[in-house]
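Participant: Sending over work38.cif (mmCIF, C-alpha atoms).
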data_start
#
loop_
_atom_site.label_atom_id
_atom_site.label_comp_id
_atom_site.auth_asym_id
_atom_site.auth_seq_id
_atom_site.Cartn_x
_atom_site.Cartn_y
_atom_site.Cartn_z
CA MET G 1 -5.58 20.94 36.36
CA SER G 2 -9.08 21.07 34.99
CA VAL G 3 -9.98 20.49 31.41
CA PRO G 4 -12.01 23.02 29.49
CA GLY G 5 -15.21 21.92 27.80
CA ASP G 6 -18.82 22.92 28.25
CA SER G 7 -20.16 19.47 28.45
CA ASP G 8 -19.00 15.92 28.30
CA GLN G 9 -20.53 15.74 24.87
CA ASP G 10 -18.46 18.61 23.51
CA HIS G 11 -15.42 17.48 25.29
CA LEU G 12 -15.76 13.96 23.94
CA ARG G 13 -15.61 15.23 20.38
CA TYR G 14 -12.33 16.95 21.11
CA ALA G 15 -11.00 13.81 22.77
CA GLU G 16 -12.16 11.71 19.85
CA TYR G 17 -10.51 14.09 17.44
CA ALA G 18 -7.22 13.79 19.28
CA LEU G 19 -7.55 10.03 19.50
CA GLY G 20 -8.29 9.91 15.78
CA VAL G 21 -11.59 8.01 15.66
CA LEU G 22 -13.74 10.63 13.94
CA ASP G 23 -14.70 10.15 10.32
CA ALA G 24 -13.63 12.70 7.73
CA ASP G 25 -16.62 15.03 8.18
CA ALA G 26 -16.67 15.07 11.97
CA ARG G 27 -12.92 15.51 11.93
CA ALA G 28 -13.12 18.50 9.61
CA ALA G 29 -15.81 20.03 11.81
CA VAL G 30 -13.62 19.88 14.91
CA ALA G 31 -10.61 21.20 12.99
CA GLN G 32 -12.76 24.14 11.93
CA GLU G 33 -13.92 24.68 15.48
CA MET G 34 -10.35 24.76 16.72
CA LEU G 35 -9.66 27.71 14.46
CA VAL G 36 -12.39 29.83 16.01
CA SER G 37 -12.72 28.47 19.52
CA GLU G 38 -9.91 28.78 22.00
CA GLN G 39 -11.72 26.30 24.17
CA ALA G 40 -11.79 23.67 21.45
CA ALA G 41 -8.14 24.22 20.60
CA THR G 42 -7.11 23.97 24.24
CA ALA G 43 -9.12 20.81 24.84
CA VAL G 44 -7.73 19.10 21.75
CA ALA G 45 -4.19 20.10 22.69
CA TRP G 46 -4.70 18.75 26.19
CA TRP G 47 -5.74 15.36 24.84
CA GLN G 48 -2.96 15.29 22.30
CA ARG G 49 -0.47 15.88 25.06
CA GLN G 50 -1.99 13.18 27.24
CA LEU G 51 -2.17 10.57 24.49
CA ALA G 52 1.13 11.20 22.68
CA PRO G 53 3.21 9.11 25.12
CA LEU G 54 1.34 6.04 23.84
CA ALA G 55 3.51 6.32 20.75
CA GLU G 56 6.35 5.02 22.89
CA ASP G 57 4.69 1.61 22.75
CA ILE G 58 5.20 1.50 18.99
CA GLY G 59 8.50 0.11 17.83
CA GLU G 60 10.88 2.43 16.06
CA ILE G 61 11.63 1.80 12.40
CA ALA G 62 14.52 3.55 10.71
CA PRO G 63 13.30 5.12 7.47
CA ALA G 64 15.20 4.50 4.23
CA ALA G 65 17.96 7.01 3.54
CA HIS G 66 16.38 8.34 0.37
CA LEU G 67 13.44 9.77 2.33
CA TRP G 68 15.64 12.41 3.90
CA ARG G 69 16.95 13.43 0.51
CA GLY G 70 13.38 13.67 -0.74
CA ILE G 71 12.51 15.99 2.13
CA ARG G 72 15.50 18.19 1.39
CA GLN G 73 14.67 18.27 -2.29
CA THR G 74 11.08 19.23 -1.60
CA LEU G 75 12.27 22.04 0.63
CA LYS G 76 15.02 23.02 -1.81
CA LEU G 77 17.62 22.91 0.90
CA ASP G 78 21.24 23.16 -0.12
CA ALA G 79 24.33 21.19 0.79
CA PRO G 80 23.31 18.57 3.33
CA PRO G 81 25.44 18.80 6.45
CA HIS G 82 25.98 15.08 6.79
CA ARG G 83 26.53 13.65 3.37
CA PRO G 84 28.13 15.02 0.26
CA GLU G 85 25.66 15.62 -2.56
CA ARG G 86 27.40 13.04 -4.71
CA GLU G 87 26.05 10.38 -2.44
CA SER G 88 22.86 10.36 -4.42
CA LEU G 89 24.66 9.54 -7.63
CA TRP G 90 26.73 7.01 -5.83
CA GLU G 91 23.69 5.34 -4.37
CA SER G 92 21.90 5.42 -7.68
CA LEU G 93 24.82 3.66 -9.26
CA ARG G 94 24.73 1.03 -6.57
CA LEU G 95 21.00 0.67 -6.89
CA TRP G 96 21.16 0.12 -10.59
CA GLN G 97 23.99 -2.26 -10.19
CA GLY G 98 22.06 -4.05 -7.50
CA ILE G 99 19.08 -4.64 -9.72
CA GLY G 100 21.25 -5.83 -12.54
CA VAL G 101 20.94 -3.01 -15.01
CA GLY G 102 23.78 -3.08 -17.52
CA ALA G 103 26.79 -0.91 -17.04
CA SER G 104 26.12 1.11 -20.16
CA LEU G 105 22.73 2.10 -18.82
CA VAL G 106 24.39 3.05 -15.59
CA ALA G 107 26.82 5.14 -17.53
CA ALA G 108 24.04 6.80 -19.46
CA ALA G 109 22.08 7.46 -16.32
CA CYS G 110 25.24 8.70 -14.66
CA LEU G 111 25.73 11.23 -17.40
CA VAL G 112 22.12 12.30 -17.28
CA VAL G 113 22.37 12.84 -13.54
CA LEU G 114 25.54 14.80 -13.94
CA VAL G 115 24.27 16.93 -16.76
CA VAL G 116 21.01 17.80 -15.05
CA ALA G 117 22.54 18.15 -11.61
CA PRO G 118 21.79 21.65 -10.37
CA ALA G 119 24.54 24.20 -10.29
CA ARG G 120 23.98 24.98 -6.62
CA GLN G 121 26.11 22.02 -5.65
CA GLU G 122 29.34 22.46 -3.89
CA GLN G 123 31.94 24.11 -6.05
CA PRO G 124 35.25 22.36 -6.58
CA PRO G 125 38.00 23.66 -4.35
CA SER G 126 39.75 26.56 -5.97
CA VAL G 127 43.09 25.85 -4.43
CA VAL G 128 45.32 23.18 -5.85
CA ALA G 129 45.19 20.09 -3.72
CA ARG G 130 48.34 19.08 -1.87
CA GLY G 131 49.34 15.66 -0.70
CA LEU G 132 48.54 12.27 -2.14
CA MET G 133 44.97 11.31 -2.80
CA VAL G 134 43.67 7.87 -3.54
CA SER G 135 40.63 6.45 -5.19
CA THR G 136 39.47 2.87 -5.33
CA LEU G 137 37.71 2.28 -8.61
CA LYS G 138 35.09 -0.31 -7.93
CA GLN G 139 33.39 -2.36 -10.60
CA ASP G 140 29.75 -3.36 -10.90
CA ASN G 141 30.27 -6.40 -8.74
CA GLY G 142 31.74 -4.29 -5.96
CA VAL G 143 35.25 -5.57 -6.55
CA ALA G 144 38.02 -3.02 -6.90
CA GLY G 145 39.18 -2.89 -10.51
CA TRP G 146 41.95 -0.38 -10.05
CA THR G 147 43.34 2.02 -7.55
CA ALA G 148 44.32 5.48 -8.63
CA THR G 149 46.85 7.53 -6.70
CA LEU G 150 46.83 11.22 -7.42
CA ASP G 151 49.99 13.16 -6.83
CA PRO G 152 49.33 16.87 -7.21
CA ASP G 153 52.98 17.81 -6.68
CA ARG G 154 54.16 15.69 -9.56
CA LYS G 155 50.98 16.44 -11.48
CA GLN G 156 50.36 12.82 -12.19
CA ILE G 157 47.99 10.01 -11.51
CA ILE G 158 49.11 6.42 -11.21
CA VAL G 159 46.63 3.71 -12.07
CA VAL G 160 47.34 0.28 -10.62
CA PRO G 161 45.26 -2.78 -11.53
CA ALA G 162 43.63 -4.61 -8.62
CA SER G 163 41.20 -7.17 -10.05
CA PRO G 164 39.96 -5.69 -13.27
CA ALA G 165 37.45 -7.62 -15.33
CA ALA G 166 38.76 -8.65 -18.75
CA VAL G 167 38.60 -5.99 -21.43
CA ALA G 168 38.40 -7.02 -25.08
CA PRO G 169 41.77 -6.55 -26.81
CA GLU G 170 40.31 -4.23 -29.44
CA ARG G 171 39.07 -1.92 -26.69
CA SER G 172 40.74 0.69 -24.51
CA THR G 173 40.03 1.67 -20.94
CA GLU G 174 39.83 5.38 -20.37
CA LEU G 175 39.87 7.28 -17.09
CA TRP G 176 37.54 10.21 -16.50
CA LEU G 177 37.29 12.81 -13.82
CA ILE G 178 33.74 13.95 -13.12
CA PRO G 179 33.38 17.19 -11.16
CA PRO G 180 30.01 17.62 -9.47
CA GLY G 181 27.36 18.84 -11.83
CA ARG G 182 29.64 18.78 -14.84
CA LYS G 183 30.47 16.62 -17.76
CA PRO G 184 33.24 14.06 -17.46
CA VAL G 185 36.72 15.38 -18.24
CA PRO G 186 39.05 12.89 -19.96
CA VAL G 187 42.20 12.06 -17.97
CA GLY G 188 43.66 9.52 -20.34
CA VAL G 189 43.72 6.04 -21.77
CA PHE G 190 45.50 3.44 -19.66
CA ALA G 191 46.44 -0.20 -19.95
CA PRO G 192 43.90 -2.17 -17.90
CA GLY G 193 46.39 -4.78 -16.76
CA ALA G 194 49.51 -2.73 -16.08
CA VAL G 195 50.61 0.18 -13.91
CA THR G 196 50.06 3.34 -15.88
CA THR G 197 51.09 6.89 -15.08
CA LEU G 198 48.98 9.65 -16.57
CA SER G 199 49.73 13.32 -16.30
CA LEU G 200 47.27 15.72 -14.74
CA SER G 201 46.82 19.07 -16.38
CA ALA G 202 46.73 22.20 -14.24
CA ASP G 203 43.08 22.47 -15.08
CA LEU G 204 42.36 18.97 -13.80
CA LEU G 205 44.39 19.63 -10.67
CA THR G 206 42.19 22.51 -9.65
CA GLN G 207 39.14 20.29 -9.86
CA LEU G 208 40.21 17.60 -7.45
CA GLY G 209 38.07 17.35 -4.37
CA PRO G 210 35.94 15.02 -2.30
CA THR G 211 32.93 15.46 -4.52
CA VAL G 212 34.75 14.47 -7.67
CA ILE G 213 34.20 11.03 -9.07
CA LEU G 214 36.68 9.05 -11.08
CA ALA G 215 35.24 6.69 -13.64
CA VAL G 216 36.60 4.17 -16.07
CA SER G 217 34.83 3.55 -19.36
CA VAL G 218 35.52 1.06 -22.09
CA GLU G 219 36.15 2.87 -25.37
CA PRO G 220 37.25 2.11 -28.91
CA LEU G 221 40.96 1.47 -29.21
CA GLY G 222 42.84 4.67 -28.45
CA GLY G 223 40.08 6.25 -26.43
CA SER G 224 36.78 7.99 -26.90
CA PRO G 225 36.50 9.65 -30.30
CA THR G 226 34.15 12.32 -28.96
CA GLY G 227 35.82 13.56 -25.80
CA GLN G 228 32.98 12.10 -23.77
CA PRO G 229 32.48 8.51 -22.63
CA THR G 230 30.88 6.47 -25.40
CA GLY G 231 31.14 2.98 -23.91
CA PRO G 232 30.02 1.43 -20.64
CA VAL G 233 31.34 2.73 -17.34
CA VAL G 234 32.96 -0.28 -15.71
CA ALA G 235 34.28 1.23 -12.50
CA THR G 236 33.84 4.34 -10.40
CA GLY G 237 35.34 5.75 -7.24
CA ARG G 238 35.54 8.82 -5.10
CA ILE G 239 38.68 10.50 -4.00
CA SER G 240 39.76 10.29 -0.42
CA GLY G 241 42.48 12.36 1.08
CA ALA G 242 41.26 15.28 -0.95
CA PRO G 243 40.81 18.63 0.76
CA GLY G 244 37.52 18.64 2.61
CA ALA G 245 37.02 14.89 2.34
CA ALA G 246 35.43 13.25 5.35
CA MET F 247 16.54 6.27 20.15
CA SER F 248 15.11 6.46 23.57
CA VAL F 249 13.91 9.84 24.54
CA THR F 250 13.44 9.73 28.22
CA SER F 251 15.49 12.13 30.22
CA ALA F 252 14.61 15.74 30.76
CA ALA F 253 17.89 16.73 29.12
CA GLU F 254 16.96 14.81 25.99
CA HIS F 255 13.57 16.46 25.88
CA GLU F 256 15.23 19.83 26.25
CA GLU F 257 17.58 19.05 23.41
CA LEU F 258 14.73 18.02 21.12
CA ASN F 259 12.84 21.18 22.01
CA ARG F 260 15.88 23.21 21.12
CA LEU F 261 16.39 21.38 17.82
CA LEU F 262 12.76 21.82 16.85
CA MET F 263 12.81 25.51 17.69
CA ARG F 264 15.97 26.03 15.70
CA SER F 265 14.53 24.11 12.78
CA GLY F 266 11.61 26.50 12.88
CA GLN F 267 14.10 29.34 12.62
CA GLY F 268 15.63 27.84 9.50
CA ASP F 269 18.66 26.10 11.00
CA GLU F 270 19.37 23.26 8.57
CA ARG F 271 21.83 21.52 10.82
CA ALA F 272 19.37 21.44 13.68
CA PHE F 273 16.73 20.14 11.29
CA ALA F 274 19.04 17.31 10.18
CA GLN F 275 19.78 16.41 13.79
CA LEU F 276 16.13 16.50 14.69
CA TYR F 277 15.38 14.17 11.81
CA GLU F 278 18.16 11.85 12.83
CA ARG F 279 16.89 11.62 16.37
CA THR F 280 13.17 11.43 15.80
CA SER F 281 12.49 9.98 12.35
CA ALA F 282 12.64 6.32 13.45
CA ARG F 283 10.02 6.95 16.12
CA LEU F 284 7.79 8.87 13.74
CA PHE F 285 8.23 6.31 11.00
CA GLY F 286 7.21 3.60 13.45
CA VAL F 287 4.02 5.56 14.09
CA CYS F 288 3.31 6.14 10.39
CA ASN F 289 4.02 2.54 9.58
CA ARG F 290 1.63 1.30 12.22
CA MET F 291 -1.16 3.49 10.90
CA LEU F 292 -0.62 3.05 7.18
CA PRO F 293 -0.28 -0.58 6.11
CA ASP F 294 1.12 0.50 2.75
CA ARG F 295 4.82 1.16 3.29
CA ARG F 296 5.00 3.64 0.47
CA GLU F 297 2.20 5.70 1.97
CA ALA F 298 3.87 5.60 5.35
CA GLU F 299 7.02 6.95 3.73
CA GLU F 300 5.15 9.72 1.97
CA VAL F 301 3.42 10.75 5.16
CA LEU F 302 6.72 10.78 7.05
CA GLN F 303 8.15 13.08 4.41
CA GLU F 304 5.11 15.33 4.50
CA ALA F 305 5.43 15.52 8.25
CA TYR F 306 9.04 16.68 8.18
CA VAL F 307 8.38 19.13 5.37
CA THR F 308 5.76 20.62 7.67
CA VAL F 309 8.21 20.59 10.57
CA TRP F 310 10.53 22.78 8.57
CA GLN F 311 7.79 25.07 7.34
CA ARG F 312 5.81 25.38 10.53
CA GLY F 313 8.36 24.65 13.23
CA ALA F 314 8.17 28.31 14.21
CA SER F 315 4.72 27.67 15.64
CA PHE F 316 6.13 25.17 18.12
CA ASN F 317 5.84 26.43 21.68
CA PRO F 318 7.72 24.31 24.22
CA GLY F 319 5.66 25.87 26.96
CA LYS F 320 2.60 24.06 25.65
CA ALA F 321 3.93 20.65 24.71
CA GLY F 322 7.27 18.93 24.24
CA ALA F 323 8.85 18.48 20.83
CA LEU F 324 8.09 14.78 20.75
CA THR F 325 4.41 15.35 21.48
CA TRP F 326 4.32 18.01 18.79
CA LEU F 327 6.00 15.71 16.28
CA VAL F 328 3.95 12.63 17.09
CA THR F 329 0.74 14.66 16.89
CA LEU F 330 1.78 16.13 13.58
CA ALA F 331 2.65 12.74 12.09
CA ARG F 332 -0.54 11.14 13.39
CA ASN F 333 -2.66 13.94 11.97
CA LYS F 334 -1.05 13.55 8.58
CA ALA F 335 -1.53 9.80 8.71
CA ILE F 336 -5.18 10.11 9.76
CA ASP F 337 -5.84 12.62 6.99
CA ARG F 338 -4.35 10.18 4.55
CA LEU F 339 -6.42 7.31 5.93
CA ARG F 340 -9.61 9.35 5.64
CA GLN F 341 -8.86 10.33 2.07
CA HIS F 342 -9.37 6.93 0.60
CA HIS F 343 -9.36 4.23 3.18
CA ASP F 344 -12.74 4.83 4.71
CA SER F 345 -14.22 1.73 3.16
CA GLN F 346 -11.32 -0.54 2.37
CA LEU F 347 -9.30 -0.51 5.55
CA ASP F 348 -11.17 -3.34 7.20
CA GLN F 349 -10.43 -5.90 4.57
CA GLY F 350 -7.95 -8.34 5.95
CA ARG F 351 -7.81 -6.63 9.30
CA GLN F 352 -10.28 -8.34 11.52
CA ILE F 353 -10.58 -8.69 15.22
CA ASP F 354 -7.54 -10.92 15.47
CA THR F 355 -5.37 -7.99 14.60
CA ILE F 356 -6.75 -5.97 17.48
CA VAL F 357 -4.39 -7.29 20.04
CA ASP F 358 -3.72 -5.36 23.15
CA ASP F 359 -0.07 -4.73 22.52
CA GLN F 360 0.86 -3.95 26.05
CA PRO F 361 4.24 -2.50 26.82
CA GLY F 362 6.89 -4.95 27.91
CA PRO F 363 7.44 -5.48 31.61
CA SER F 364 10.44 -3.22 31.82
CA ALA F 365 9.02 -0.55 29.60
CA SER F 366 7.23 1.51 32.21
CA ALA F 367 10.27 1.83 34.40
CA GLU F 368 12.30 3.41 31.59
CA ARG F 369 9.69 5.87 30.44
CA GLY F 370 8.89 9.36 31.49
CA GLU F 371 6.43 10.55 34.07
CA GLU F 372 3.69 11.32 31.54
CA TYR F 373 3.93 7.88 30.04
CA ARG F 374 3.67 6.19 33.41
CA ARG F 375 0.71 8.30 34.41
CA LEU F 376 -1.13 7.51 31.18
CA GLN F 377 -0.42 3.80 31.49
CA ALA F 378 -1.56 3.77 35.10
CA CYS F 379 -4.84 5.39 34.08
CA LEU F 380 -5.30 3.05 31.13
CA GLU F 381 -4.81 0.14 33.51
CA GLN F 382 -7.90 1.22 35.37
CA LEU F 383 -10.16 0.93 32.34
CA GLU F 384 -12.11 -2.18 31.53
CA ALA F 385 -10.19 -4.41 29.15
CA GLN F 386 -12.47 -3.70 26.18
CA GLN F 387 -12.29 0.03 26.71
CA ARG F 388 -8.55 -0.02 27.10
CA ARG F 389 -8.06 -2.18 24.03
CA SER F 390 -10.31 0.02 21.94
CA VAL F 391 -8.64 3.26 22.99
CA ARG F 392 -5.19 1.87 22.39
CA GLU F 393 -6.07 0.37 19.05
CA ALA F 394 -7.73 3.62 18.02
CA PHE F 395 -4.58 5.56 18.83
CA PHE F 396 -2.27 3.11 17.09
CA SER F 397 -4.34 2.57 13.97
CA GLY F 398 -6.09 5.90 13.42
CA ALA F 399 -9.23 3.94 12.55
CA THR F 400 -12.73 5.41 12.87
CA HIS F 401 -15.42 4.21 15.30
CA ASN F 402 -16.95 2.40 12.37
CA GLU F 403 -13.81 0.61 11.36
CA LEU F 404 -12.97 -0.35 14.90
CA ALA F 405 -16.47 -1.74 15.36
CA ALA F 406 -16.14 -3.79 12.19
CA ARG F 407 -12.80 -5.14 13.28
CA ALA F 408 -14.03 -6.07 16.70
CA ARG F 409 -17.29 -7.37 15.17
CA VAL F 410 -19.46 -5.38 17.52
CA PRO F 411 -22.21 -2.88 16.70
CA ILE F 412 -20.93 0.64 16.19
CA GLY F 413 -22.90 1.80 19.23
CA THR F 414 -21.00 -0.63 21.39
CA MET F 415 -17.64 0.52 20.09
CA LYS F 416 -18.53 4.20 20.53
CA SER F 417 -19.60 3.52 24.05
CA TRP F 418 -16.40 1.64 24.89
CA ILE F 419 -14.30 4.45 23.58
CA ARG F 420 -16.29 7.30 25.05
CA ARG F 421 -16.58 5.75 28.47
CA GLY F 422 -12.91 4.96 28.27
CA LEU F 423 -12.02 8.54 27.37
CA LEU F 424 -14.17 10.07 30.10
CA GLN F 425 -12.71 7.79 32.70
CA LEU F 426 -9.25 8.50 31.40
CA ARG F 427 -9.83 12.23 31.72
CA ALA F 428 -11.01 11.86 35.28
CA CYS F 429 -7.99 9.78 36.15
CA LEU F 430 -5.49 12.06 34.39
CA ASN F 431 -6.93 15.11 36.14
CA ARG F 432 -6.66 13.56 39.53
#
In structure tokens, how does this file's structure come out?

Facilitator:
Amino acid sequence: MSVPGDSDQDHLRYAEYALGVLDADARAAVAQEMLVSEQAATAVAWWQRQLAPLAEDIGEIAPAAHLWRGIRQTLKLDAPPHRPERESLWESLRLWQGIGVGASLVAAACLVVLVVAPARQEQPPSVVARGLMVSTLKQDNGVAGWTATLDPDRKQIIVVPASPAAVAPERSTELWLIPPGRKPVPVGVFAPGAVTTLSLSADLLTQLGPTVILAVSVEPLGGSPTGQPTGPVVATGRISGAPGAA
Amino acid sequence: MSVTSAAEHEELNRLLMRSGQGDERAFAQLYERTSARLFGVCNRMLPDRREAEEVLQEAYVTVWQRGASFNPGKAGALTWLVTLARNKAIDRLRQHHDSQLDQGRQIDTIVDDQPGPSASAERGEEYRRLQACLEQLEAQQRRSVREAFFSGATHNELAARARVPIGTMKSWIRRGLLQLRACLNR
């Protein structure tokens, strides 16, 4: 196969462009030439094809996971095929926990994320979930505080303490259900150190799904006075066993 | 990821074409299978990790937007992707690194990072042909061409790093390229 190019001189510029050694001006000149000259475009493409295998000598480096999300966000692509959208919130929580930001800030940020989360996210399943679902409610330190078992048939949720951090006696722990892109919905106040059964309303039942997050906040005695979490979120968890869960 | 077999190349071509047609799943798979290689390339060219990340993202945004222009009859998907990423990285380098790149990157960093002994055997035909032709160059020419490809540096910057006059560096690279062309066309 012969390579196009009037002269070595011309051809060298195309080769140098493909190699990447031209300065900004010379580079722009060749790029311009490629637009109008088939010969230039063909010569550059030939060199690019010849040189590209050199990239195999460079070690691979896995990019951080957030880069892919950034690409999708830039392109305004919808539901990612591999990970549920909630992952971002989940990872943000972990990140903040990892760098030692207080739980109340996490809670605040969590609410902000949820409130501003775009409506295009996956809708909660419209059918009532069947079968038991479980959620491990992990605390800031990664230790499970409680496990919650959801029983749609009996319309109840059973909260069992695992290793919950101490809660001040004049405070209550309250469980919240957070559907994607929506405000937390109160499930009920429970005793942090004892098995507690809470009832699930029909409305709550319809919202259960893999993208829902359960969260525990510390509230004034008797629960949040506002209907929204007012104290720090001390544990969160997703629901597995829910319809559509991975 | 090791993209070597013809079947793997075919698969990447298919994924890139489908990405160009707006297939999100194909795009995600393409990213999964090629992003580590492309990020390696970006990272080698841009010493600032953050910049390397930005360029990687720009590259894949372009893949999605311009994937339709990919023609597997002209070049394989990996060539297309590597070229795209390198172009983005070089553009970035030229934007503001023209003068500062050399600081802290002197001749010592221009090492001839040759492939490992087993590498050639595992690679594709095109890779082996290129390496065989590079082998025939004088050491200085080969080193300069390789370093130019890996770093995206200009003649000027390469000359400064190697501490040789720019004329010398240009001549190494140009003679190297001409010889390479002759060898590759053989």

Participant: Using all atoms listed in the file and a cut-off of 8 Å, which residues of chain F sit close to chain G? Please list them as a VMD selection string.

Facilitator: chain F and resid 247 270 to 271 274 281 to 287 290 299 303 to 304 306 to 307 321 325 328 to 329 333 336 to 337 340 to 341 344 359 to 361 372 to 373 376 391 to 392 394 to 396 398 to 401 420 423 to 424 431

Participant: Those selected residues, please, written with C-alpha atoms and delivered as a PDB file, in the coordinates of the input.

Facilitator:
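Output file again-v3.pdb follows:
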ATOM      1  CA  MET F 247      16.540   6.270  20.150  1.00  0.00           C
ATOM      2  CA  GLU F 270      19.370  23.260   8.570  1.00  0.00           C
ATOM      3  CA  ARG F 271      21.830  21.520  10.820  1.00  0.00           C
ATOM      4  CA  ALA F 274      19.040  17.310  10.180  1.00  0.00           C
ATOM      5  CA  SER F 281      12.490   9.980  12.350  1.00  0.00           C
ATOM      6  CA  ALA F 282      12.640   6.320  13.450  1.00  0.00           C
ATOM      7  CA  ARG F 283      10.020   6.950  16.120  1.00  0.00           C
ATOM      8  CA  LEU F 284       7.790   8.870  13.740  1.00  0.00           C
ATOM      9  CA  PHE F 285       8.230   6.310  11.000  1.00  0.00           C
ATOM     10  CA  GLY F 286       7.210   3.600  13.450  1.00  0.00           C
ATOM     11  CA  VAL F 287       4.020   5.560  14.090  1.00  0.00           C
ATOM     12  CA  ARG F 290       1.630   1.300  12.220  1.00  0.00           C
ATOM     13  CA  GLU F 299       7.020   6.950   3.730  1.00  0.00           C
ATOM     14  CA  GLN F 303       8.150  13.080   4.410  1.00  0.00           C
ATOM     15  CA  GLU F 304       5.110  15.330   4.500  1.00  0.00           C
ATOM     16  CA  TYR F 306       9.040  16.680   8.180  1.00  0.00           C
ATOM     17  CA  VAL F 307       8.380  19.130   5.370  1.00  0.00           C
ATOM     18  CA  ALA F 321       3.930  20.650  24.710  1.00  0.00           C
ATOM     19  CA  THR F 325       4.410  15.350  21.480  1.00  0.00           C
ATOM     20  CA  VAL F 328       3.950  12.630  17.090  1.00  0.00           C
ATOM     21  CA  THR F 329       0.740  14.660  16.890  1.00  0.00           C
ATOM     22  CA  ASN F 333      -2.660  13.940  11.970  1.00  0.00           C
ATOM     23  CA  ILE F 336      -5.180  10.110   9.760  1.00  0.00           C
ATOM     24  CA  ASP F 337      -5.840  12.620   6.990  1.00  0.00           C
ATOM     25  CA  ARG F 340      -9.610   9.350   5.640  1.00  0.00           C
ATOM     26  CA  GLN F 341      -8.860  10.330   2.070  1.00  0.00           C
ATOM     27  CA  ASP F 344     -12.740   4.830   4.710  1.00  0.00           C
ATOM     28  CA  ASP F 359      -0.070  -4.730  22.520  1.00  0.00           C
ATOM     29  CA  GLN F 360       0.860  -3.950  26.050  1.00  0.00           C
ATOM     30  CA  PRO F 361       4.240  -2.500  26.820  1.00  0.00           C
ATOM     31  CA  GLU F 372       3.690  11.320  31.540  1.00  0.00           C
ATOM     32  CA  TYR F 373       3.930   7.880  30.040  1.00  0.00           C
ATOM     33  CA  LEU F 376      -1.130   7.510  31.180  1.00  0.00           C
ATOM     34  CA  VAL F 391      -8.640   3.260  22.990  1.00  0.00           C
ATOM     35  CA  ARG F 392      -5.190   1.870  22.390  1.00  0.00           C
ATOM     36  CA  ALA F 394      -7.730   3.620  18.020  1.00  0.00           C
ATOM     37  CA  PHE F 395      -4.580   5.560  18.830  1.00  0.00           C
ATOM     38  CA  PHE F 396      -2.270   3.110  17.090  1.00  0.00           C
ATOM     39  CA  GLY F 398      -6.090   5.900  13.420  1.00  0.00           C
ATOM     40  CA  ALA F 399      -9.230   3.940  12.550  1.00  0.00           C
ATOM     41  CA  THR F 400     -12.730   5.410  12.870  1.00  0.00           C
ATOM     42  CA  HIS F 401     -15.420   4.210  15.300  1.00  0.00           C
ATOM     43  CA  ARG F 420     -16.290   7.300  25.050  1.00  0.00           C
ATOM     44  CA  LEU F 423     -12.020   8.540  27.370  1.00  0.00           C
ATOM     45  CA  LEU F 424     -14.170  10.070  30.100  1.00  0.00           C
ATOM     46  CA  ASN F 431      -6.930  15.110  36.140  1.00  0.00           C
TER      47      ASN F 431
END

Participant: Compare G:Leu214, G:Ala168, G:Leu204, G:Ala235 by their minimum atom-to-atom distance to Lys138 of chain G, counting only C-alpha atoms, and give me the closest one.

Facilitator: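 The closest residue to Lys138 of chain G is G:Ala235.
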
Participant: I'd like the interatomic distance between atom CA of Val233 of chain G and atom CA of Val218 of chain G, to a tenth of an Å.

Facilitator: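 Taking atom CA of Val233 of chain G and atom CA of Val218 of chain G, their separation equals 6.5 Å.
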
Participant: When you count all atoms listed in the file, which of these residues is closest to Val410 of chain F: F:Ser390, F:Gln425, F:Gln382, F:Ser397?

Facilitator: F:Ser390

Participant: Show me as a list in words the residues that reach within 10 Å of (14.8, 13.3, 19.1), counting only C-alpha atoms and using the file's own coordinates.

Facilitator: Met247, Ser248, Val249, Thr250, Glu254, His255, Glu256, Glu257, Leu258, Asn259, Leu261, Leu262, Gln275, Leu276, Tyr277, Glu278, Arg279, Thr280, Ser281, Ala282, Arg283, Leu284, Ala323, Leu324 and Leu327 of chain F

Participant: Between atom CA of Arg388 of chain F and atom CA of Glu403 of chain F, what is the distance in Å, rounded to a tenth?

Facilitator: 16.6 Å

Participant: Name every residue that the PyMOL selection byres ((chain F and resi 292) around 9) selects in this structure, writing the answer as a list in words with chains first and numbers rising.

Facilitator: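 Going through the file, the PyMOL selection byres ((chain F and resi 292) around 9) ends up selecting Val287, Cys288, Asn289, Arg290, Met291, Pro293, Asp294, Arg295, Arg296, Glu297, Ala298, Val301, Ala335, Ile336, Arg338, Leu339, Ser397 and Gly398 of chain F.
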
Participant: So what does the PyMOL selection byres ((chain G and resi 143-153) around 10) actually pick up in this one, as a PyMOL selection string?

Facilitator: chain G and resi 128-142+154-165+175+192-202+204-206+208+214+216+234-237+239-242

Participant: Rounded to one decimal, what separation in Å do you get between atom CA of Cys429 of chain F and atom CA of Arg374 of chain F?

Facilitator: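 The value is 12.5 Å.
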
Participant: Hey, what's within 7 Å of Trp418 of chain F if we count all atoms listed in the file and toss same-chain stuff fewer than 4 positions away? As a tab-separated table (two decimals) with C-alpha atoms, in the coordinates of the input, please?

Facilitator:
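The result, written out as selection.tsv:
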chain	number	residue	atom	x	y	z
F	386	GLN	CA	-12.47	-3.70	26.18
F	387	GLN	CA	-12.29	0.03	26.71
F	390	SER	CA	-10.31	0.02	21.94
F	414	THR	CA	-21.00	-0.63	21.39
F	422	GLY	CA	-12.91	4.96	28.27

Participant: Applying 8 Å and all atoms listed in the file, which residues near Thr230 of chain G remain after dropping the ones on its own chain fewer than 5 positions away? List them as a list in words.

Facilitator: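 In the requested format, the answer is Ser217, Val218, Glu219 and Ser224 of chain G.
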